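*Asks:* Please find coords33.txt (compact mmCIF, C-alpha atoms and all ligand atoms) on the next line:
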# COMPACT_ATOMS: atom_id res chain seq x y z
CA MET A 1 4.85 -12.48 -12.52
CA ASP A 2 6.80 -10.37 -15.07
CA ILE A 3 8.12 -7.96 -12.44
CA THR A 4 11.23 -6.50 -14.08
CA GLY A 5 10.99 -2.72 -13.52
CA ASN A 6 11.63 -0.18 -10.78
CA ALA A 7 9.49 0.11 -7.65
CA PHE A 8 8.83 2.89 -5.20
CA VAL A 9 7.60 1.49 -1.86
CA THR A 10 6.41 3.70 1.00
CA GLY A 11 6.21 2.37 4.54
CA GLY A 12 8.77 -0.21 3.48
CA GLY A 13 10.40 -0.38 6.89
CA SER A 14 7.79 -2.67 8.47
CA GLY A 15 4.89 -5.05 7.96
CA ILE A 16 3.24 -5.01 4.54
CA GLY A 17 5.67 -2.54 2.92
CA LYS A 18 8.64 -4.61 4.03
CA ALA A 19 7.06 -7.82 2.68
CA CYS A 20 6.32 -6.05 -0.64
CA SER A 21 9.93 -4.83 -0.95
CA ILE A 22 11.35 -8.31 -0.34
CA ALA A 23 8.82 -9.94 -2.68
CA LEU A 24 9.63 -7.42 -5.45
CA ALA A 25 13.34 -8.25 -5.13
CA LYS A 26 12.67 -12.03 -5.20
CA GLU A 27 10.36 -11.70 -8.18
CA GLY A 28 12.93 -9.89 -10.37
CA ALA A 29 12.51 -6.14 -9.87
CA LYS A 30 15.46 -4.11 -11.16
CA GLY A 31 15.38 -1.29 -8.63
CA ILE A 32 13.58 -0.43 -5.39
CA LEU A 33 13.46 2.79 -3.42
CA VAL A 34 12.29 1.92 0.10
CA ALA A 35 10.91 5.06 1.76
CA ASP A 36 9.86 5.29 5.38
CA ILE A 37 9.71 7.78 8.24
CA ASN A 38 11.95 5.25 10.03
CA LEU A 39 15.11 5.36 7.88
CA LYS A 40 16.93 2.69 9.90
CA ALA A 41 14.05 0.23 9.32
CA ALA A 42 14.05 1.05 5.59
CA GLU A 43 17.81 0.34 5.48
CA GLU A 44 17.25 -3.03 7.15
CA THR A 45 14.62 -3.84 4.52
CA ILE A 46 16.97 -3.08 1.62
CA ALA A 47 19.62 -5.35 3.16
CA GLU A 48 17.07 -8.20 3.34
CA ALA A 49 15.74 -7.48 -0.15
CA THR A 50 19.23 -7.36 -1.66
CA ALA A 51 20.03 -10.75 -0.12
CA VAL A 52 17.17 -12.41 -2.04
CA ALA A 53 17.16 -10.36 -5.26
CA THR A 54 17.10 -12.33 -8.52
CA ASN A 55 17.67 -9.59 -11.11
CA PRO A 56 21.43 -9.42 -11.88
CA ASP A 57 21.13 -5.61 -12.21
CA PHE A 58 19.24 -5.26 -8.89
CA ARG A 59 19.83 -2.07 -6.90
CA ALA A 60 18.01 -0.77 -3.80
CA GLU A 61 18.18 2.45 -1.83
CA ALA A 62 16.54 3.62 1.38
CA ILE A 63 15.30 7.14 2.03
CA HIS A 64 13.58 9.06 4.82
CA LEU A 65 10.01 10.04 3.88
CA ASP A 66 7.19 11.67 5.79
CA VAL A 67 4.07 11.17 3.66
CA THR A 68 2.24 13.94 5.53
CA SER A 69 4.68 16.54 4.15
CA GLU A 70 4.32 17.72 0.55
CA GLU A 71 7.97 18.80 0.48
CA SER A 72 9.15 15.41 1.72
CA VAL A 73 7.04 13.52 -0.86
CA LYS A 74 8.28 15.84 -3.66
CA GLN A 75 11.92 15.29 -2.68
CA THR A 76 11.47 11.52 -2.45
CA VAL A 77 9.78 11.23 -5.85
CA ALA A 78 12.56 13.39 -7.35
CA LYS A 79 15.14 11.09 -5.73
CA MET A 80 13.40 8.04 -7.23
CA ILE A 81 13.65 9.53 -10.72
CA GLU A 82 17.24 10.70 -10.18
CA SER A 83 18.40 7.27 -8.92
CA PHE A 84 16.31 4.90 -11.04
CA GLY A 85 15.12 6.96 -14.03
CA ARG A 86 11.66 5.43 -14.24
CA ILE A 87 8.91 4.45 -11.77
CA ASP A 88 7.17 1.32 -13.01
CA TYR A 89 5.39 0.44 -9.76
CA CYS A 90 4.42 2.41 -6.69
CA ILE A 91 3.19 0.50 -3.64
CA HIS A 92 2.03 2.95 -0.99
CA CYS A 93 2.00 1.22 2.41
CA ALA A 94 2.91 4.03 4.85
CA GLY A 95 0.25 4.01 7.52
CA THR A 96 -0.48 4.29 11.18
CA GLY A 97 -2.69 2.50 13.67
CA LEU A 98 -4.72 4.22 16.34
CA SER A 99 -3.65 4.92 19.90
CA SER A 100 -7.15 4.35 21.26
CA TYR A 101 -10.14 2.11 20.54
CA ARG A 102 -13.31 4.07 21.33
CA PRO A 103 -16.95 4.52 20.25
CA VAL A 104 -17.74 7.62 18.22
CA ASP A 105 -19.05 9.65 21.21
CA GLU A 106 -15.64 9.26 22.89
CA ALA A 107 -13.43 9.39 19.79
CA SER A 108 -10.67 11.99 19.66
CA LEU A 109 -10.45 14.77 17.08
CA ASP A 110 -6.66 14.73 17.35
CA GLU A 111 -6.64 11.03 16.51
CA LEU A 112 -8.87 11.68 13.48
CA LYS A 113 -6.55 14.48 12.31
CA ARG A 114 -3.50 12.23 12.66
CA SER A 115 -5.13 9.39 10.74
CA LEU A 116 -6.32 11.77 7.99
CA ALA A 117 -2.83 13.31 7.74
CA VAL A 118 -1.02 9.98 7.28
CA HIS A 119 -3.61 8.08 5.26
CA VAL A 120 -5.55 10.70 3.31
CA HIS A 121 -3.02 13.52 2.83
CA GLY A 122 -0.32 10.87 2.33
CA THR A 123 -2.28 8.89 -0.27
CA PHE A 124 -3.30 12.10 -2.03
CA LEU A 125 0.30 13.38 -2.22
CA ILE A 126 1.77 10.04 -3.30
CA THR A 127 -0.93 9.36 -5.92
CA SER A 128 -0.79 12.90 -7.28
CA LEU A 129 3.00 13.26 -7.54
CA ILE A 130 3.64 9.70 -8.74
CA SER A 131 0.88 10.05 -11.38
CA ALA A 132 2.50 13.26 -12.63
CA ALA A 133 5.88 11.53 -12.89
CA MET A 134 4.42 8.46 -14.61
CA LYS A 135 2.47 10.59 -17.09
CA SER A 136 5.72 11.94 -18.54
CA GLN A 137 7.30 8.48 -18.86
CA GLU A 138 7.66 6.57 -22.10
CA LEU A 139 4.88 4.12 -22.98
CA VAL A 140 6.03 0.49 -22.69
CA THR A 141 4.28 -2.44 -24.40
CA VAL A 142 2.54 -4.67 -21.84
CA ASP A 143 2.78 -7.94 -23.76
CA SER A 144 4.81 -8.06 -26.99
CA ALA A 145 3.07 -11.33 -28.00
CA HIS A 146 -0.31 -9.55 -27.78
CA PRO A 147 0.10 -5.89 -28.80
CA GLU A 148 -3.69 -5.45 -28.54
CA ARG A 149 -3.21 -5.47 -24.73
CA GLY A 150 -1.75 -1.97 -25.07
CA GLY A 151 0.95 -0.15 -23.15
CA THR A 152 1.75 1.01 -19.63
CA ARG A 153 3.32 4.08 -18.05
CA GLY A 154 3.06 2.58 -14.58
CA SER A 155 0.91 1.00 -11.89
CA ILE A 156 0.04 2.53 -8.52
CA VAL A 157 -1.19 0.37 -5.64
CA VAL A 158 -2.41 2.04 -2.46
CA LEU A 159 -3.24 0.35 0.85
CA GLY A 160 -6.85 0.69 1.83
CA SER A 161 -8.39 -1.83 4.18
CA SER A 162 -11.61 -3.75 4.81
CA ALA A 163 -12.28 -0.48 6.67
CA SER A 164 -12.38 1.22 3.22
CA ILE A 165 -15.62 -0.66 2.58
CA PHE A 166 -17.17 -1.63 5.92
CA ALA A 167 -17.84 0.11 9.22
CA ILE A 168 -15.47 -1.20 11.89
CA PRO A 169 -16.81 -0.25 15.34
CA HIS A 170 -14.58 1.80 17.66
CA LEU A 171 -12.17 2.74 14.88
CA VAL A 172 -13.93 5.77 13.34
CA PRO A 173 -10.74 7.81 12.62
CA TYR A 174 -9.31 4.80 10.78
CA THR A 175 -12.49 3.86 8.87
CA ALA A 176 -13.06 7.50 7.84
CA SER A 177 -9.53 7.81 6.48
CA LYS A 178 -9.53 4.41 4.75
CA HIS A 179 -12.86 5.15 3.01
CA ALA A 180 -11.18 8.32 1.65
CA VAL A 181 -8.12 6.36 0.49
CA LEU A 182 -10.38 4.19 -1.70
CA ALA A 183 -12.08 7.31 -3.07
CA ILE A 184 -8.70 8.78 -4.09
CA ALA A 185 -7.69 5.54 -5.84
CA LYS A 186 -11.00 5.20 -7.72
CA THR A 187 -10.97 8.82 -8.90
CA ALA A 188 -7.31 8.68 -9.95
CA ALA A 189 -7.98 5.42 -11.83
CA MET A 190 -10.83 7.04 -13.81
CA GLU A 191 -8.61 9.94 -14.83
CA SER A 192 -5.40 8.01 -15.45
CA GLY A 193 -6.56 5.13 -17.65
CA VAL A 194 -6.24 7.35 -20.71
CA HIS A 195 -2.58 7.93 -19.78
CA ASN A 196 -1.97 4.16 -19.44
CA ILE A 197 -1.53 4.43 -15.68
CA ARG A 198 -3.48 2.04 -13.43
CA VAL A 199 -4.45 2.77 -9.84
CA ASN A 200 -5.81 0.10 -7.50
CA CYS A 201 -6.55 -0.12 -3.80
CA ILE A 202 -5.83 -3.30 -1.83
CA CYS A 203 -8.28 -3.90 1.01
CA PRO A 204 -6.77 -6.41 3.44
CA ASN A 205 -8.52 -7.47 6.61
CA TRP A 206 -6.69 -8.05 9.90
CA THR A 207 -3.05 -8.51 8.90
CA ASP A 208 -0.54 -9.81 11.39
CA THR A 209 1.93 -6.88 11.53
CA PRO A 210 3.12 -4.58 14.34
CA MET A 211 0.12 -2.33 13.59
CA LEU A 212 -2.44 -5.06 14.32
CA ARG A 213 -0.55 -6.26 17.41
CA HIS A 214 -0.76 -2.71 18.76
CA THR A 215 -4.52 -2.52 18.06
CA LEU A 216 -5.02 -5.80 19.92
CA GLU A 217 -3.08 -4.37 22.88
CA ILE A 218 -5.26 -1.25 23.20
CA SER A 219 -8.59 -3.03 22.81
CA GLU A 220 -10.08 -5.07 25.62
CA GLU A 221 -12.81 -6.61 23.45
CA MET A 222 -10.81 -7.40 20.34
CA THR A 223 -8.91 -10.69 20.43
CA VAL A 224 -7.46 -12.90 17.72
CA GLU A 225 -10.31 -15.36 18.43
CA SER A 226 -12.99 -12.68 17.96
CA LEU A 227 -11.40 -11.64 14.66
CA LEU A 228 -11.20 -15.24 13.41
CA ALA A 229 -14.93 -15.66 14.04
CA THR A 230 -15.58 -13.31 11.08
CA ILE A 231 -13.05 -14.88 8.68
CA PRO A 232 -14.11 -17.94 6.61
CA ILE A 233 -10.43 -18.87 6.04
CA LYS A 234 -9.67 -19.37 9.70
CA ARG A 235 -6.44 -17.44 10.03
CA LEU A 236 -5.27 -13.83 10.08
CA CYS A 237 -3.99 -12.28 6.87
CA THR A 238 -0.19 -12.20 6.58
CA ALA A 239 1.96 -9.46 5.05
CA HIS A 240 2.96 -12.04 2.40
CA ASP A 241 -0.69 -12.49 1.35
CA VAL A 242 -0.93 -8.74 0.77
CA ALA A 243 2.46 -8.56 -0.98
CA ASP A 244 1.36 -11.25 -3.47
CA ALA A 245 -1.73 -9.20 -4.34
CA ALA A 246 0.34 -6.01 -4.63
CA LEU A 247 2.80 -7.64 -7.03
CA PHE A 248 -0.06 -8.99 -9.15
CA LEU A 249 -1.61 -5.50 -9.34
CA CYS A 250 1.80 -4.03 -10.32
CA SER A 251 2.51 -6.66 -12.96
CA PRO A 252 1.28 -6.77 -16.57
CA ARG A 253 -0.81 -9.83 -15.54
CA SER A 254 -3.36 -7.33 -14.19
CA CYS A 255 -3.10 -4.88 -17.12
CA TYR A 256 -6.91 -4.67 -17.55
CA ILE A 257 -7.63 -4.09 -13.84
CA THR A 258 -7.92 -0.56 -12.54
CA GLY A 259 -9.96 1.33 -9.97
CA VAL A 260 -10.79 -1.72 -7.85
CA ALA A 261 -11.04 -2.26 -4.12
CA TYR A 262 -9.14 -5.55 -4.19
CA PRO A 263 -10.02 -7.63 -1.11
CA VAL A 264 -7.37 -9.77 0.57
CA ASP A 265 -9.54 -10.82 3.45
CA GLY A 266 -9.94 -14.61 3.68
CA GLY A 267 -13.60 -14.15 2.68
CA MET A 268 -14.39 -11.74 5.54
CA ALA A 269 -16.53 -9.56 3.24
CA LEU A 270 -19.04 -12.44 3.11
CA THR A 271 -19.71 -12.01 6.81
CA MET A 272 -19.89 -8.19 6.80
CA LYS A 273 -22.67 -5.70 6.05
CA THR A 274 -22.03 -2.38 4.26
N1 LIG B 301 -2.11 -4.57 9.71
C1 LIG B 301 -3.40 -4.58 9.34
O1 LIG B 301 -4.26 -5.25 9.96
C2 LIG B 301 -3.83 -3.79 8.13
C3 LIG B 301 -5.05 -4.14 7.53
C4 LIG B 301 -5.48 -3.44 6.43
C5 LIG B 301 -4.73 -2.39 5.93
N2 LIG B 301 -3.55 -2.06 6.52
C6 LIG B 301 -2.81 -0.93 5.97
O2 LIG B 301 -1.61 -1.39 5.38
C7 LIG B 301 -0.62 -0.36 5.48
C8 LIG B 301 0.64 -0.93 6.12
O3 LIG B 301 0.31 -1.32 7.46
P1 LIG B 301 1.19 -2.36 8.30
O4 LIG B 301 0.25 -3.24 9.00
O5 LIG B 301 2.26 -2.91 7.45
O6 LIG B 301 1.77 -1.35 9.41
P2 LIG B 301 3.22 -1.24 10.07
O7 LIG B 301 3.02 -0.37 11.25
O8 LIG B 301 3.86 -2.55 10.22
O9 LIG B 301 4.04 -0.42 8.94
C9 LIG B 301 3.73 0.91 8.62
C10 LIG B 301 4.99 1.61 8.12
O10 LIG B 301 4.63 2.96 7.74
C11 LIG B 301 5.64 3.83 8.25
N3 LIG B 301 5.08 5.17 8.43
C12 LIG B 301 4.22 5.59 9.40
N4 LIG B 301 3.97 6.89 9.26
C13 LIG B 301 4.67 7.31 8.17
C14 LIG B 301 4.82 8.56 7.53
N5 LIG B 301 4.20 9.67 7.98
N6 LIG B 301 5.59 8.64 6.43
C15 LIG B 301 6.26 7.54 5.97
N7 LIG B 301 6.18 6.34 6.55
C16 LIG B 301 5.38 6.22 7.63
C17 LIG B 301 6.08 3.19 9.57
O11 LIG B 301 7.36 3.67 10.00
C18 LIG B 301 6.07 1.72 9.23
O12 LIG B 301 7.33 1.30 8.71
C19 LIG B 301 -1.28 0.79 6.25
O13 LIG B 301 -1.82 1.72 5.34
C20 LIG B 301 -2.40 0.09 7.00
O14 LIG B 301 -3.44 0.98 7.34
C21 LIG B 301 -3.08 -2.75 7.61
Step by step, read the file and then write its structure as structure tokens.
*Replies:*
Amino acid sequence: MDITGNAFVTGGGSGIGKACSIALAKEGAKGILVADINLKAAEETIAEATAVATNPDFRAEAIHLDVTSEESVKQTVAKMIESFGRIDYCIHCAGTGLSSYRPVDEASLDELKRSLAVHVHGTFLITSLISAAMKSQELVTVDSAHPERGGTRGSIVVLGSSASIFAIPHLVPYTASKHAVLAIAKTAAMESGVHNIRVNCICPNWTDTPMLRHTLEISEEMTVESLLATIPIKRLCTAHDVADAALFLCSPRSCYITGVAYPVDGGMALTMKT
């Protein structure tokens, strides 16, 4: 997929971020900074990624990051530049599930604030500070055989959700924050195209990670069977399905794609109403 540069992955200690880190290493990335609030988990990811890396110059580091803290994001982006020099790809997967599954008249303000802090403040800080860093980077030709395809200063991929597009009952703090994540990505994409930076938002449906398993535990009505009823491809999404889409959106193969809500949902959108 022409993945040869340096990647910054948030939430790389688990689920989708972990799968993205390992896929980047397999696909030929040169460097990866795996950032997570759980440093031990991020360190485990770099050990697994290093074991499968194919680039002879591959190097990976783990770092503690709290995406809700501007200072923490600033320090982590500075560390990325200090260690790797250039940020070719940013895949922002840090996220949190909910601790309750309730209709809007019983939903908790604290839960909304927590979801907004991690998803909205986090996506804002990551997109803003990574865009600033990418803007000052050298322009690299996307495809030397076809110079008319232009150049790149980097690609940012953020994790939205089907909940960025559709209403998901009983998850209002999550749907509110994921709608905002898509809005950040679309606005950043409009502004950044001129700087040769692309910004896209992946919108997976129910992905089999620790986050989904926790949601299934707290909900009496939601079961794997009830979820499968809305998915034409009759299985849950896997972290590998999302990682493949993330690598495509990072790679020059997608150099004319920006500002999209990219569904990885087994066709679930066909069964949903906006
Ligand atoms: N699992 C799903 O069904 C699903 C579906 C659509 C979208 N998503 C989104 O994909 C992303 C990844 O989810 P996942 O399923 O891999 O979850 P996960 O719980 O497996 O992984 C999330 C990672 O983010 C880290 N994290 C949490 N808070 C953080 C913070 N403040 N700063 C830095 N790191 C933090 C966690 O430590 C964890 O390693 C999230 O944005 C999630 O909303 C998940």
*Asks:* Could you state the separation of atom CA of Thr96 of chain A and atom CA of Ala47 of chain A in Å, given to one decimal place?
*Replies:* 23.7 Å
*Asks:* Just want the 8 Å neighbourhood of segment 145-159 of chain A, counted on only C-alpha atoms, with same-chain residues fewer than 6 positions away dropped. Output as a PyMOL selection string.
*Replies:* chain A and resi 87-93+123+127+134-135+137-139+181+185+195-203+246+249-251+255
*Asks:* Please identify every residue of segment 173-235 of chain A that has at least one atom no farther than 10 Å from an atom of segment 1-14 of chain A, counting all atoms listed in the file, and for each give the shortest atom pair and the distance in Å to one decimal, arranged by chain then increasing number, as a Markdown table.
*Replies:*
| residue | atom | partner | partner_atom | distance |
| --- | --- | --- | --- | --- |
| A:Thr209 | CA | A:Ser14 | CA | 7.8 |
| A:Pro210 | CA | A:Ser14 | CA | 7.7 |
| A:Met211 | CA | A:Ser14 | CA | 9.2 |
*Asks:* Given all atoms listed in the file as the basis, pick out the residue of A:Val73, A:Val140, A:Leu171, A:Val52 nearest to Glu111 of chain A.
*Replies:*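 Smallest separation from Glu111 of chain A among the options: A:Leu171.
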*Asks:* Could you tell me how far atom C7 of ligand LIG 301 (chain B) lies from atom CA of Ser161 of chain A, in Å and to one decimal?
*Replies:* 8.0 Å
*Asks:* Could you list, as a ChimeraX atom specification, every residue within 7 Å of segment 124-126 of chain A, counting all atoms listed in the file and ignoring same-chain residues fewer than 4 positions away?
*Replies:* /A:70,73,120,130,184
